[in-house]
>>> print(open('my_file15.cif').read())   # mmCIF, C-alpha atoms
data_start
loop_
_atom_site.label_atom_id
_atom_site.label_comp_id
_atom_site.auth_asym_id
_atom_site.auth_seq_id
_atom_site.Cartn_x
_atom_site.Cartn_y
_atom_site.Cartn_z
CA MET A 1 111.93 162.63 -139.35
CA THR A 2 110.09 159.83 -141.15
CA ASP A 3 109.65 157.93 -137.87
CA ILE A 4 107.41 160.64 -136.42
CA PRO A 5 103.76 159.63 -136.81
CA ALA A 6 101.66 162.05 -138.81
CA TYR A 7 99.33 164.20 -136.77
CA GLU A 8 96.16 165.71 -138.14
CA PRO A 9 94.87 168.40 -135.77
CA PRO A 10 91.17 168.08 -134.91
CA LYS A 11 88.79 170.88 -135.83
CA VAL A 12 88.52 171.77 -132.11
CA TRP A 13 91.33 171.03 -129.66
CA THR A 14 90.32 169.42 -126.38
CA TRP A 15 92.36 168.69 -123.26
CA ASN A 16 92.03 164.94 -122.81
CA LYS A 17 95.53 163.82 -121.88
CA GLU A 18 98.80 165.08 -120.46
CA SER A 19 101.13 166.52 -123.06
CA GLY A 20 104.11 164.52 -121.82
CA GLY A 21 107.52 165.77 -120.75
CA ARG A 22 108.96 166.96 -117.49
CA PHE A 23 106.25 169.45 -116.52
CA ALA A 24 103.24 167.64 -117.94
CA SER A 25 101.59 167.07 -114.56
CA ILE A 26 101.22 170.81 -113.88
CA ASN A 27 100.30 172.00 -117.36
CA ARG A 28 96.66 172.86 -117.92
CA PRO A 29 94.69 175.09 -120.32
CA ILE A 30 92.87 177.08 -117.63
CA ALA A 31 93.91 179.73 -115.11
CA GLY A 32 92.99 180.31 -111.50
CA PRO A 33 93.78 178.58 -108.21
CA THR A 34 93.49 174.85 -107.65
CA HIS A 35 93.57 175.00 -103.86
CA GLU A 36 93.41 177.37 -100.91
CA LYS A 37 96.79 178.39 -99.54
CA GLU A 38 97.72 181.74 -98.05
CA LEU A 39 101.16 183.20 -98.60
CA PRO A 40 103.51 183.92 -95.70
CA VAL A 41 104.43 187.52 -94.96
CA GLY A 42 107.73 188.54 -93.40
CA ARG A 43 108.89 191.71 -91.72
CA HIS A 44 110.45 193.57 -94.65
CA PRO A 45 108.74 196.05 -97.00
CA LEU A 46 109.20 193.80 -100.03
CA GLN A 47 107.85 190.26 -100.12
CA LEU A 48 109.13 188.09 -102.97
CA TYR A 49 107.60 184.75 -103.88
CA SER A 50 109.88 182.95 -106.28
CA LEU A 51 112.26 180.20 -107.34
CA ALA A 52 115.81 180.56 -108.67
CA THR A 53 114.97 179.96 -112.31
CA PRO A 54 116.44 182.58 -114.67
CA ASN A 55 113.33 184.73 -114.25
CA GLY A 56 113.51 184.46 -110.48
CA VAL A 57 117.23 185.25 -110.40
CA LYS A 58 116.61 188.53 -112.21
CA VAL A 59 114.68 189.88 -109.23
CA THR A 60 116.90 188.60 -106.42
CA VAL A 61 119.96 189.98 -108.21
CA MET A 62 118.17 193.31 -108.60
CA LEU A 63 117.29 193.45 -104.92
CA GLU A 64 120.82 192.56 -103.86
CA GLU A 65 122.24 195.19 -106.20
CA LEU A 66 119.91 197.81 -104.71
CA LEU A 67 120.99 196.86 -101.21
CA ALA A 68 124.64 197.04 -102.27
CA LEU A 69 123.97 200.59 -103.49
CA GLY A 70 122.71 201.51 -100.02
CA HIS A 71 118.95 201.42 -100.59
CA LYS A 72 117.83 200.09 -97.22
CA GLY A 73 114.20 200.14 -98.33
CA ALA A 74 115.03 197.28 -100.69
CA GLU A 75 115.29 194.81 -97.80
CA TYR A 76 113.17 191.81 -98.63
CA ASP A 77 111.86 188.42 -97.62
CA ALA A 78 112.22 185.80 -100.35
CA TRP A 79 109.80 182.91 -99.99
CA LEU A 80 110.24 179.69 -101.94
CA ILE A 81 107.50 178.80 -104.43
CA LYS A 82 108.19 175.43 -106.01
CA ILE A 83 106.67 175.09 -109.47
CA ASP A 84 105.10 171.73 -108.70
CA GLY A 85 101.59 173.03 -108.10
CA ASN A 86 102.31 175.60 -105.37
CA GLN A 87 102.00 178.34 -107.97
CA PHE A 88 98.30 177.51 -108.17
CA GLY A 89 97.60 178.25 -104.50
CA SER A 90 94.99 180.94 -103.92
CA GLY A 91 97.42 183.30 -102.22
CA PHE A 92 99.96 183.15 -105.02
CA VAL A 93 97.33 183.50 -107.75
CA ALA A 94 96.11 186.65 -105.97
CA VAL A 95 99.60 188.13 -106.41
CA ASN A 96 100.12 186.79 -109.91
CA PRO A 97 97.01 185.72 -111.80
CA ASN A 98 99.31 184.15 -114.41
CA SER A 99 100.63 181.66 -111.80
CA LYS A 100 104.28 182.18 -112.73
CA ILE A 101 107.23 183.10 -110.56
CA PRO A 102 108.48 185.64 -109.62
CA ALA A 103 105.80 187.71 -107.92
CA LEU A 104 106.34 190.68 -105.61
CA MET A 105 104.25 192.43 -102.97
CA ASP A 106 105.37 195.89 -101.96
CA ARG A 107 104.04 196.58 -98.47
CA SER A 108 106.00 199.78 -97.88
CA GLY A 109 103.01 202.07 -98.45
CA PRO A 110 99.52 202.43 -96.99
CA GLU A 111 98.17 199.85 -99.43
CA PRO A 112 100.04 196.76 -100.68
CA ILE A 113 101.00 196.82 -104.36
CA ARG A 114 101.39 193.63 -106.34
CA VAL A 115 103.85 193.39 -109.23
CA PHE A 116 104.22 190.39 -111.49
CA GLU A 117 106.25 189.51 -114.61
CA SER A 118 109.99 189.71 -114.07
CA GLY A 119 110.58 192.61 -116.46
CA SER A 120 107.81 194.61 -114.82
CA ILE A 121 109.31 193.96 -111.38
CA LEU A 122 112.73 195.20 -112.57
CA VAL A 123 111.25 198.41 -113.94
CA TYR A 124 109.13 198.93 -110.81
CA LEU A 125 112.11 198.55 -108.50
CA ALA A 126 114.39 200.68 -110.68
CA GLU A 127 111.87 203.51 -110.68
CA LYS A 128 111.02 203.13 -106.99
CA PHE A 129 114.66 203.48 -105.94
CA GLY A 130 115.99 205.58 -108.82
CA ALA A 131 118.73 203.10 -109.64
CA LEU A 132 120.03 200.91 -112.46
CA LEU A 133 117.83 202.67 -115.02
CA PRO A 134 119.57 205.62 -116.70
CA THR A 135 117.83 208.97 -116.83
CA ASP A 136 119.31 210.30 -120.07
CA VAL A 137 116.90 209.62 -122.91
CA LYS A 138 119.23 207.74 -125.26
CA THR A 139 120.66 205.30 -122.71
CA ARG A 140 117.27 204.83 -121.07
CA ALA A 141 115.78 203.90 -124.45
CA GLU A 142 118.61 201.46 -125.11
CA THR A 143 118.06 199.89 -121.70
CA PHE A 144 114.37 199.37 -122.36
CA SER A 145 115.06 198.00 -125.83
CA TRP A 146 117.35 195.28 -124.47
CA LEU A 147 115.08 194.57 -121.52
CA PHE A 148 112.13 193.94 -123.80
CA TRP A 149 114.35 192.09 -126.27
CA GLN A 150 115.00 189.62 -123.47
CA MET A 151 111.36 189.32 -122.52
CA GLY A 152 110.44 188.55 -126.12
CA ALA A 153 113.47 186.39 -126.95
CA ALA A 154 113.72 184.11 -123.91
CA PRO A 155 110.54 182.12 -124.69
CA TYR A 156 112.33 180.83 -127.79
CA LEU A 157 115.21 179.78 -125.55
CA GLY A 158 113.22 178.27 -122.68
CA GLY A 159 109.86 177.22 -124.02
CA GLY A 160 111.23 176.48 -127.48
CA PHE A 161 114.78 175.17 -127.52
CA GLY A 162 114.95 174.13 -123.87
CA HIS A 163 111.66 172.27 -124.01
CA PHE A 164 112.36 170.27 -127.14
CA TYR A 165 116.06 169.69 -126.42
CA ALA A 166 115.80 168.77 -122.73
CA TYR A 167 112.23 168.21 -121.55
CA ALA A 168 110.00 166.89 -124.35
CA PRO A 169 109.09 163.18 -124.15
CA ALA A 170 110.62 162.58 -127.60
CA LYS A 171 113.44 164.22 -129.57
CA ILE A 172 112.01 165.90 -132.65
CA GLU A 173 114.70 166.92 -135.10
CA TYR A 174 112.66 169.62 -136.80
CA ALA A 175 111.75 171.33 -133.51
CA ILE A 176 115.28 171.17 -132.08
CA ASP A 177 116.84 172.45 -135.32
CA ARG A 178 114.34 175.29 -135.60
CA PHE A 179 114.90 176.58 -132.09
CA ALA A 180 118.65 175.90 -132.02
CA MET A 181 118.98 178.12 -135.08
CA GLU A 182 117.01 180.89 -133.37
CA VAL A 183 118.97 180.64 -130.11
CA LYS A 184 122.28 180.84 -131.98
CA ARG A 185 120.98 183.87 -133.85
CA GLN A 186 120.10 185.48 -130.52
CA LEU A 187 123.58 184.75 -129.15
CA ASP A 188 125.02 186.38 -132.25
CA VAL A 189 122.82 189.45 -131.68
CA LEU A 190 124.26 189.76 -128.17
CA ASN A 191 127.81 189.03 -129.31
CA ARG A 192 127.69 191.80 -131.89
CA ARG A 193 126.25 194.29 -129.43
CA LEU A 194 128.87 193.47 -126.80
CA ALA A 195 131.75 193.75 -129.25
CA ASP A 196 131.75 197.53 -128.85
CA ASN A 197 129.92 197.97 -125.57
CA GLU A 198 130.85 196.91 -122.06
CA TYR A 199 127.21 196.40 -121.15
CA LEU A 200 124.01 196.12 -123.16
CA ALA A 201 122.97 199.76 -122.78
CA GLY A 202 126.51 201.02 -123.36
CA ASP A 203 129.10 201.64 -120.67
CA VAL A 204 126.73 201.42 -117.68
CA TYR A 205 125.31 198.36 -115.93
CA THR A 206 121.51 198.42 -115.97
CA ILE A 207 118.37 196.37 -115.51
CA ALA A 208 118.89 195.20 -119.11
CA ASP A 209 122.01 193.27 -118.03
CA ILE A 210 120.21 191.99 -114.95
CA ALA A 211 117.40 190.68 -117.15
CA VAL A 212 119.51 189.09 -119.87
CA TRP A 213 122.32 187.60 -117.79
CA PRO A 214 120.43 184.79 -115.97
CA TRP A 215 119.24 183.40 -119.31
CA TYR A 216 122.03 184.01 -121.78
CA GLY A 217 124.87 184.15 -119.28
CA GLY A 218 123.77 180.76 -117.99
CA LEU A 219 123.52 179.46 -121.54
CA ALA A 220 126.98 180.81 -122.41
CA LYS A 221 128.46 178.84 -119.52
CA GLY A 222 126.66 175.63 -120.43
CA LEU A 223 124.43 175.81 -117.35
CA LEU A 224 121.09 175.67 -119.18
CA TYR A 225 119.75 172.41 -120.58
CA GLY A 226 123.23 170.83 -120.82
CA ALA A 227 123.44 172.43 -124.25
CA GLY A 228 126.72 174.33 -124.17
CA GLU A 229 128.63 171.99 -126.50
CA PHE A 230 125.61 171.47 -128.76
CA LEU A 231 125.30 175.23 -129.34
CA SER A 232 129.07 175.91 -129.42
CA VAL A 233 128.64 178.66 -126.86
CA HIS A 234 132.41 179.14 -126.53
CA GLU A 235 132.40 180.83 -129.95
CA TYR A 236 130.59 183.90 -128.60
CA LYS A 237 133.63 185.58 -127.07
CA ASN A 238 132.03 188.91 -126.26
CA VAL A 239 129.11 187.23 -124.53
CA GLN A 240 131.61 185.19 -122.51
CA ARG A 241 133.48 188.34 -121.42
CA TRP A 242 130.23 190.07 -120.39
CA THR A 243 128.95 186.97 -118.62
CA ASP A 244 132.10 186.59 -116.55
CA ALA A 245 132.12 190.26 -115.57
CA ILE A 246 128.56 190.15 -114.28
CA ALA A 247 129.02 186.81 -112.54
CA ALA A 248 131.89 188.32 -110.55
CA ARG A 249 129.70 191.02 -108.98
CA PRO A 250 129.12 190.30 -105.25
CA ALA A 251 125.41 191.15 -105.47
CA VAL A 252 125.00 188.75 -108.38
CA LYS A 253 126.74 185.98 -106.45
CA ARG A 254 124.27 186.49 -103.61
CA GLY A 255 121.21 186.93 -105.78
CA ARG A 256 121.68 183.71 -107.70
CA MET A 257 121.69 181.74 -104.42
CA VAL A 258 118.28 182.91 -103.23
CA ASN A 259 115.40 180.42 -103.62
CA ARG A 260 117.82 177.95 -105.19
CA THR A 261 117.07 174.28 -104.47
CA TRP A 262 119.66 172.51 -106.64
CA GLY A 263 123.42 172.44 -107.08
CA GLU A 264 126.02 172.51 -104.34
CA PRO A 265 124.44 172.86 -100.87
CA SER A 266 126.60 175.91 -100.22
CA SER A 267 124.97 177.63 -103.21
CA GLN A 268 121.42 177.08 -101.96
CA LEU A 269 119.60 179.62 -99.81
CA HIS A 270 116.04 178.35 -99.95
CA GLU A 271 114.58 181.41 -98.25
CA ARG A 272 116.16 184.77 -97.54
CA HIS A 273 114.94 186.96 -94.66
CA ASP A 274 118.13 188.73 -93.58
CA ALA A 275 121.47 189.65 -95.14
CA GLY A 276 123.17 187.35 -92.65
CA ASP A 277 121.31 184.35 -94.07
CA PHE A 278 123.96 183.99 -96.77
CA GLU A 279 126.45 183.08 -94.06
CA THR A 280 124.28 181.01 -91.76
CA MET A 281 121.28 179.54 -93.60
CA THR A 282 122.62 177.90 -96.75
CA GLN A 283 121.92 174.20 -97.12
CA ASP A 284 125.45 173.15 -96.23
CA LYS A 285 124.89 174.88 -92.88
CA ILE A 286 121.40 173.66 -92.06
CA GLY A 287 120.89 170.63 -94.29
CA GLU A 288 117.10 170.73 -94.17
CA ALA A 289 114.88 169.33 -96.90
CA VAL A 290 112.81 171.66 -99.04
CA ALA A 291 109.27 172.04 -97.70
CA SER A 292 106.61 171.09 -100.22
#
>>> encode(input="my_file15.cif", output="structure tokens")
Amino acid sequence: MTDIPAYEPPKVWTWNKESGGRFASINRPIAGPTHEKELPVGRHPLQLYSLATPNGVKVTVMLEELLALGHKGAEYDAWLIKIDGNQFGSGFVAVNPNSKIPALMDRSGPEPIRVFESGSILVYLAEKFGALLPTDVKTRAETFSWLFWQMGAAPYLGGGFGHFYAYAPAKIEYAIDRFAMEVKRQLDVLNRRLADNEYLAGDVYTIADIAVWPWYGGLAKGLLYGAGEFLSVHEYKNVQRWTDAIAARPAVKRGRMVNRTWGEPSSQLHERHDAGDFETMTQDKIGEAVAS
């Protein structure tokens, strides 16, 4: 702690240097596009522009679950958007002015509808297809509570703990301790809820589980930030049980592969345009490099 140089904030902050860390080259304090680039459009009603981060996985899992339930209108094209500057192309910014994945265009009606923010996309799809969002008032309220818990909690996990533990240019004890404490508290919140409930909303699988699982399920299995041992994730037994149950779902297995560009080649489906792509277009089958 004493080795960290003192910092006195100026009266007015100015952007005069990169902040450092893994994503420093794409961070900037202004919005809007940096270059002209139109988005591709496939043949299905739903066009997804994304990457298989936890937020991206929420939506591909949701779409695969809808298809598994027989909703043919949920067929989709999933286009890869690498977060290396492509999110600032004019076409993508037109779909999501916040320049974050995932972003969805629904072209099933007379006028295209854009939907951005992962939680918003889950609600939109659940309401469009009448699935994975309970209709009884109590369970519906519980579903929304856990969905929005995730949307509010995950920034502490990703932007807080994950940044300072894995991505920041220097290890800062105070920052890591602060966010590690909060992440462990969040895991305890989940663990207590799942002690007496099969799923987050009760005994039914909902968009709340789909939202929370890519973040906290990944964390519970040590897949995020290499922090499993550091956070003693094995102690959260109920979270582990819930995580394993969701991971075993066929639609979840498919959804987590879409727009994935890391890991085993057989787990990577860079773009998804047809259900058969899972069998024929994974990287172990085609071995092509990711287009920039």
>>> residues_around(input="my_file15.cif", residues="range 191-193 of chain A", least_positions_apart="5", cutoff="6 Å", atoms="only C-alpha atoms", output="compact mmCIF listing (two decimals) with C-alpha atoms, in the frame of the given file")
# COMPACT_ATOMS: atom_id res chain seq x y z
CA TYR A 236 130.59 183.90 -128.60
CA ASN A 238 132.03 188.91 -126.26
CA VAL A 239 129.11 187.23 -124.53
>>> resolve_selection(input="my_file15.cif", expression="the PyMOL selection byres ((chain A and resi 58) around 7)", output="PyMOL selection string")
chain A and resi 54-57+59-62+118+210-211+214
>>> resolve_selection(input="my_file15.cif", expression="the PyMOL selection byres ((chain A and resi 165) around 12)", output="MDAnalysis selection string")
chainID A and resid 21:22 156:164 166:180 183 224:228 230:231
>>> residues_around(input="my_file15.cif", residues="Asp284 in chain A", least_positions_apart="5", cutoff="10 Å", atoms="only C-alpha atoms", output="number ranges by chain")
A: 264-269
>>> atom_distance(input="my_file15.cif", atom1="CA of Leu66 in chain A", atom2="CA of Leu48 in chain A")
14.6 Å
>>> resolve_selection(input="my_file15.cif", expression="the PyMOL selection byres ((chain A and resi 15) around 12)", output="PDB file with C-alpha atoms, in the coordinates of the input")
ATOM      1  CA  PRO A  10      91.170 168.080-134.910  1.00  0.00           C
ATOM      2  CA  VAL A  12      88.520 171.770-132.110  1.00  0.00           C
ATOM      3  CA  TRP A  13      91.330 171.030-129.660  1.00  0.00           C
ATOM      4  CA  THR A  14      90.320 169.420-126.380  1.00  0.00           C
ATOM      5  CA  ASN A  16      92.030 164.940-122.810  1.00  0.00           C
ATOM      6  CA  LYS A  17      95.530 163.820-121.880  1.00  0.00           C
ATOM      7  CA  GLU A  18      98.800 165.080-120.460  1.00  0.00           C
ATOM      8  CA  SER A  19     101.130 166.520-123.060  1.00  0.00           C
ATOM      9  CA  ASN A  27     100.300 172.000-117.360  1.00  0.00           C
ATOM     10  CA  ARG A  28      96.660 172.860-117.920  1.00  0.00           C
ATOM     11  CA  PRO A  29      94.690 175.090-120.320  1.00  0.00           C
ATOM     12  CA  ILE A  30      92.870 177.080-117.630  1.00  0.00           C
TER      13      ILE A  30
END
>>> atom_distance(input="my_file15.cif", atom1="CA of Val258 in chain A", atom2="CA of Glu279 in chain A")
12.3 Å
>>> residues_around(input="my_file15.cif", residues="Val123 in chain A", least_positions_apart="3", cutoff="12 Å", atoms="only C-alpha atoms", output="count of residues only")
29
>>> residues_around(input="my_file15.cif", residues="range 241-249 of chain A", least_positions_apart="5", cutoff="8 Å", atoms="all atoms listed in the file", output="JSON, numbers by chain")
{"A": [194, 198, 199, 213, 217, 220]}
>>> closest_residue(input="my_file15.cif", among="A:Val137, A:Ala78, A:Ala154, A:Ala94", to="Ala201 in chain A", atoms="only C-alpha atoms")
A:Val137
>>> residues_near_point(input="my_file15.cif", point="(108.1, 186.5, -100.5)", cutoff="12 Å", atoms="all atoms listed in the file", output="compact mmCIF listing (two decimals) with C-alpha atoms, keeping the file's coordinate frame")
# COMPACT_ATOMS: atom_id res chain seq x y z
CA GLU A 38 97.72 181.74 -98.05
CA LEU A 39 101.16 183.20 -98.60
CA PRO A 40 103.51 183.92 -95.70
CA VAL A 41 104.43 187.52 -94.96
CA GLY A 42 107.73 188.54 -93.40
CA ARG A 43 108.89 191.71 -91.72
CA HIS A 44 110.45 193.57 -94.65
CA PRO A 45 108.74 196.05 -97.00
CA LEU A 46 109.20 193.80 -100.03
CA GLN A 47 107.85 190.26 -100.12
CA LEU A 48 109.13 188.09 -102.97
CA TYR A 49 107.60 184.75 -103.88
CA SER A 50 109.88 182.95 -106.28
CA LEU A 51 112.26 180.20 -107.34
CA GLY A 56 113.51 184.46 -110.48
CA VAL A 59 114.68 189.88 -109.23
CA THR A 60 116.90 188.60 -106.42
CA GLU A 75 115.29 194.81 -97.80
CA TYR A 76 113.17 191.81 -98.63
CA ASP A 77 111.86 188.42 -97.62
CA ALA A 78 112.22 185.80 -100.35
CA TRP A 79 109.80 182.91 -99.99
CA LEU A 80 110.24 179.69 -101.94
CA ILE A 81 107.50 178.80 -104.43
CA GLY A 91 97.42 183.30 -102.22
CA PHE A 92 99.96 183.15 -105.02
CA VAL A 95 99.60 188.13 -106.41
CA ILE A 101 107.23 183.10 -110.56
CA PRO A 102 108.48 185.64 -109.62
CA ALA A 103 105.80 187.71 -107.92
CA LEU A 104 106.34 190.68 -105.61
CA MET A 105 104.25 192.43 -102.97
CA ASP A 106 105.37 195.89 -101.96
CA ARG A 107 104.04 196.58 -98.47
CA ARG A 114 101.39 193.63 -106.34
CA VAL A 115 103.85 193.39 -109.23
CA VAL A 258 118.28 182.91 -103.23
CA ASN A 259 115.40 180.42 -103.62
CA HIS A 270 116.04 178.35 -99.95
CA GLU A 271 114.58 181.41 -98.25
CA ARG A 272 116.16 184.77 -97.54
CA HIS A 273 114.94 186.96 -94.66
>>> build_atoms(input="my_file15.cif", residues="range 249-277 of chain A", atoms="N, CA and C atoms", output="tab-separated table (two decimals), keeping the file's coordinate frame")
chain	number	residue	atom	x	y	z
A	249	ARG	N	130.25	189.99	-109.86
A	249	ARG	CA	129.70	191.02	-108.98
A	249	ARG	C	129.19	190.37	-107.68
A	250	PRO	N	129.56	190.90	-106.52
A	250	PRO	CA	129.12	190.30	-105.25
A	250	PRO	C	127.60	190.18	-105.13
A	251	ALA	N	126.87	191.20	-105.57
A	251	ALA	CA	125.41	191.15	-105.47
A	251	ALA	C	124.83	190.05	-106.36
A	252	VAL	N	125.45	189.81	-107.49
A	252	VAL	CA	125.00	188.75	-108.38
A	252	VAL	C	125.27	187.39	-107.75
A	253	LYS	N	126.42	187.24	-107.13
A	253	LYS	CA	126.74	185.98	-106.45
A	253	LYS	C	125.71	185.67	-105.38
A	254	ARG	N	125.29	186.71	-104.64
A	254	ARG	CA	124.27	186.49	-103.61
A	254	ARG	C	122.91	186.22	-104.24
A	255	GLY	N	122.53	187.05	-105.20
A	255	GLY	CA	121.21	186.93	-105.78
A	255	GLY	C	120.93	185.59	-106.41
A	256	ARG	N	121.92	184.99	-107.02
A	256	ARG	CA	121.68	183.71	-107.70
A	256	ARG	C	121.50	182.56	-106.70
A	257	MET	N	121.85	182.77	-105.44
A	257	MET	CA	121.69	181.74	-104.42
A	257	MET	C	120.27	181.68	-103.85
A	258	VAL	N	119.56	182.80	-103.91
A	258	VAL	CA	118.28	182.91	-103.23
A	258	VAL	C	117.21	182.07	-103.92
A	259	ASN	N	116.46	181.31	-103.13
A	259	ASN	CA	115.40	180.42	-103.62
A	259	ASN	C	115.93	179.32	-104.53
A	260	ARG	N	117.19	179.01	-104.39
A	260	ARG	CA	117.82	177.95	-105.19
A	260	ARG	C	117.71	176.63	-104.43
A	261	THR	N	117.27	175.58	-105.12
A	261	THR	CA	117.07	174.28	-104.47
A	261	THR	C	117.83	173.17	-105.17
A	262	TRP	N	118.85	173.50	-105.93
A	262	TRP	CA	119.66	172.51	-106.64
A	262	TRP	C	121.11	172.98	-106.65
A	263	GLY	N	122.01	172.10	-107.06
A	263	GLY	CA	123.42	172.44	-107.08
A	263	GLY	C	124.09	172.17	-105.74
A	264	GLU	N	125.28	172.69	-105.58
A	264	GLU	CA	126.02	172.51	-104.34
A	264	GLU	C	125.23	173.07	-103.15
A	265	PRO	N	125.18	172.35	-102.03
A	265	PRO	CA	124.44	172.86	-100.87
A	265	PRO	C	124.86	174.26	-100.44
A	266	SER	N	126.13	174.58	-100.61
A	266	SER	CA	126.60	175.91	-100.22
A	266	SER	C	126.07	177.02	-101.12
A	267	SER	N	125.52	176.65	-102.28
A	267	SER	CA	124.97	177.63	-103.21
A	267	SER	C	123.46	177.79	-103.07
A	268	GLN	N	122.87	177.08	-102.13
A	268	GLN	CA	121.42	177.08	-101.96
A	268	GLN	C	120.99	177.84	-100.71
A	269	LEU	N	120.25	178.91	-100.91
A	269	LEU	CA	119.60	179.62	-99.81
A	269	LEU	C	118.10	179.58	-100.12
A	270	HIS	N	117.42	178.60	-99.56
A	270	HIS	CA	116.04	178.35	-99.95
A	270	HIS	C	115.13	179.54	-99.69
A	271	GLU	N	115.32	180.19	-98.55
A	271	GLU	CA	114.58	181.41	-98.25
A	271	GLU	C	115.57	182.44	-97.72
A	272	ARG	N	115.28	183.69	-97.99
A	272	ARG	CA	116.16	184.77	-97.54
A	272	ARG	C	115.33	185.79	-96.76
A	273	HIS	N	115.67	186.01	-95.49
A	273	HIS	CA	114.94	186.96	-94.66
A	273	HIS	C	115.86	188.00	-94.02
A	274	ASP	N	117.16	187.81	-94.19
A	274	ASP	CA	118.13	188.73	-93.58
A	274	ASP	C	119.44	188.60	-94.36
A	275	ALA	N	120.20	189.69	-94.42
A	275	ALA	CA	121.47	189.65	-95.14
A	275	ALA	C	122.42	188.60	-94.57
A	276	GLY	N	122.31	188.34	-93.28
A	276	GLY	CA	123.17	187.35	-92.65
A	276	GLY	C	122.85	185.92	-93.03
A	277	ASP	N	121.70	185.71	-93.69
A	277	ASP	CA	121.31	184.35	-94.07
A	277	ASP	C	122.30	183.71	-95.04
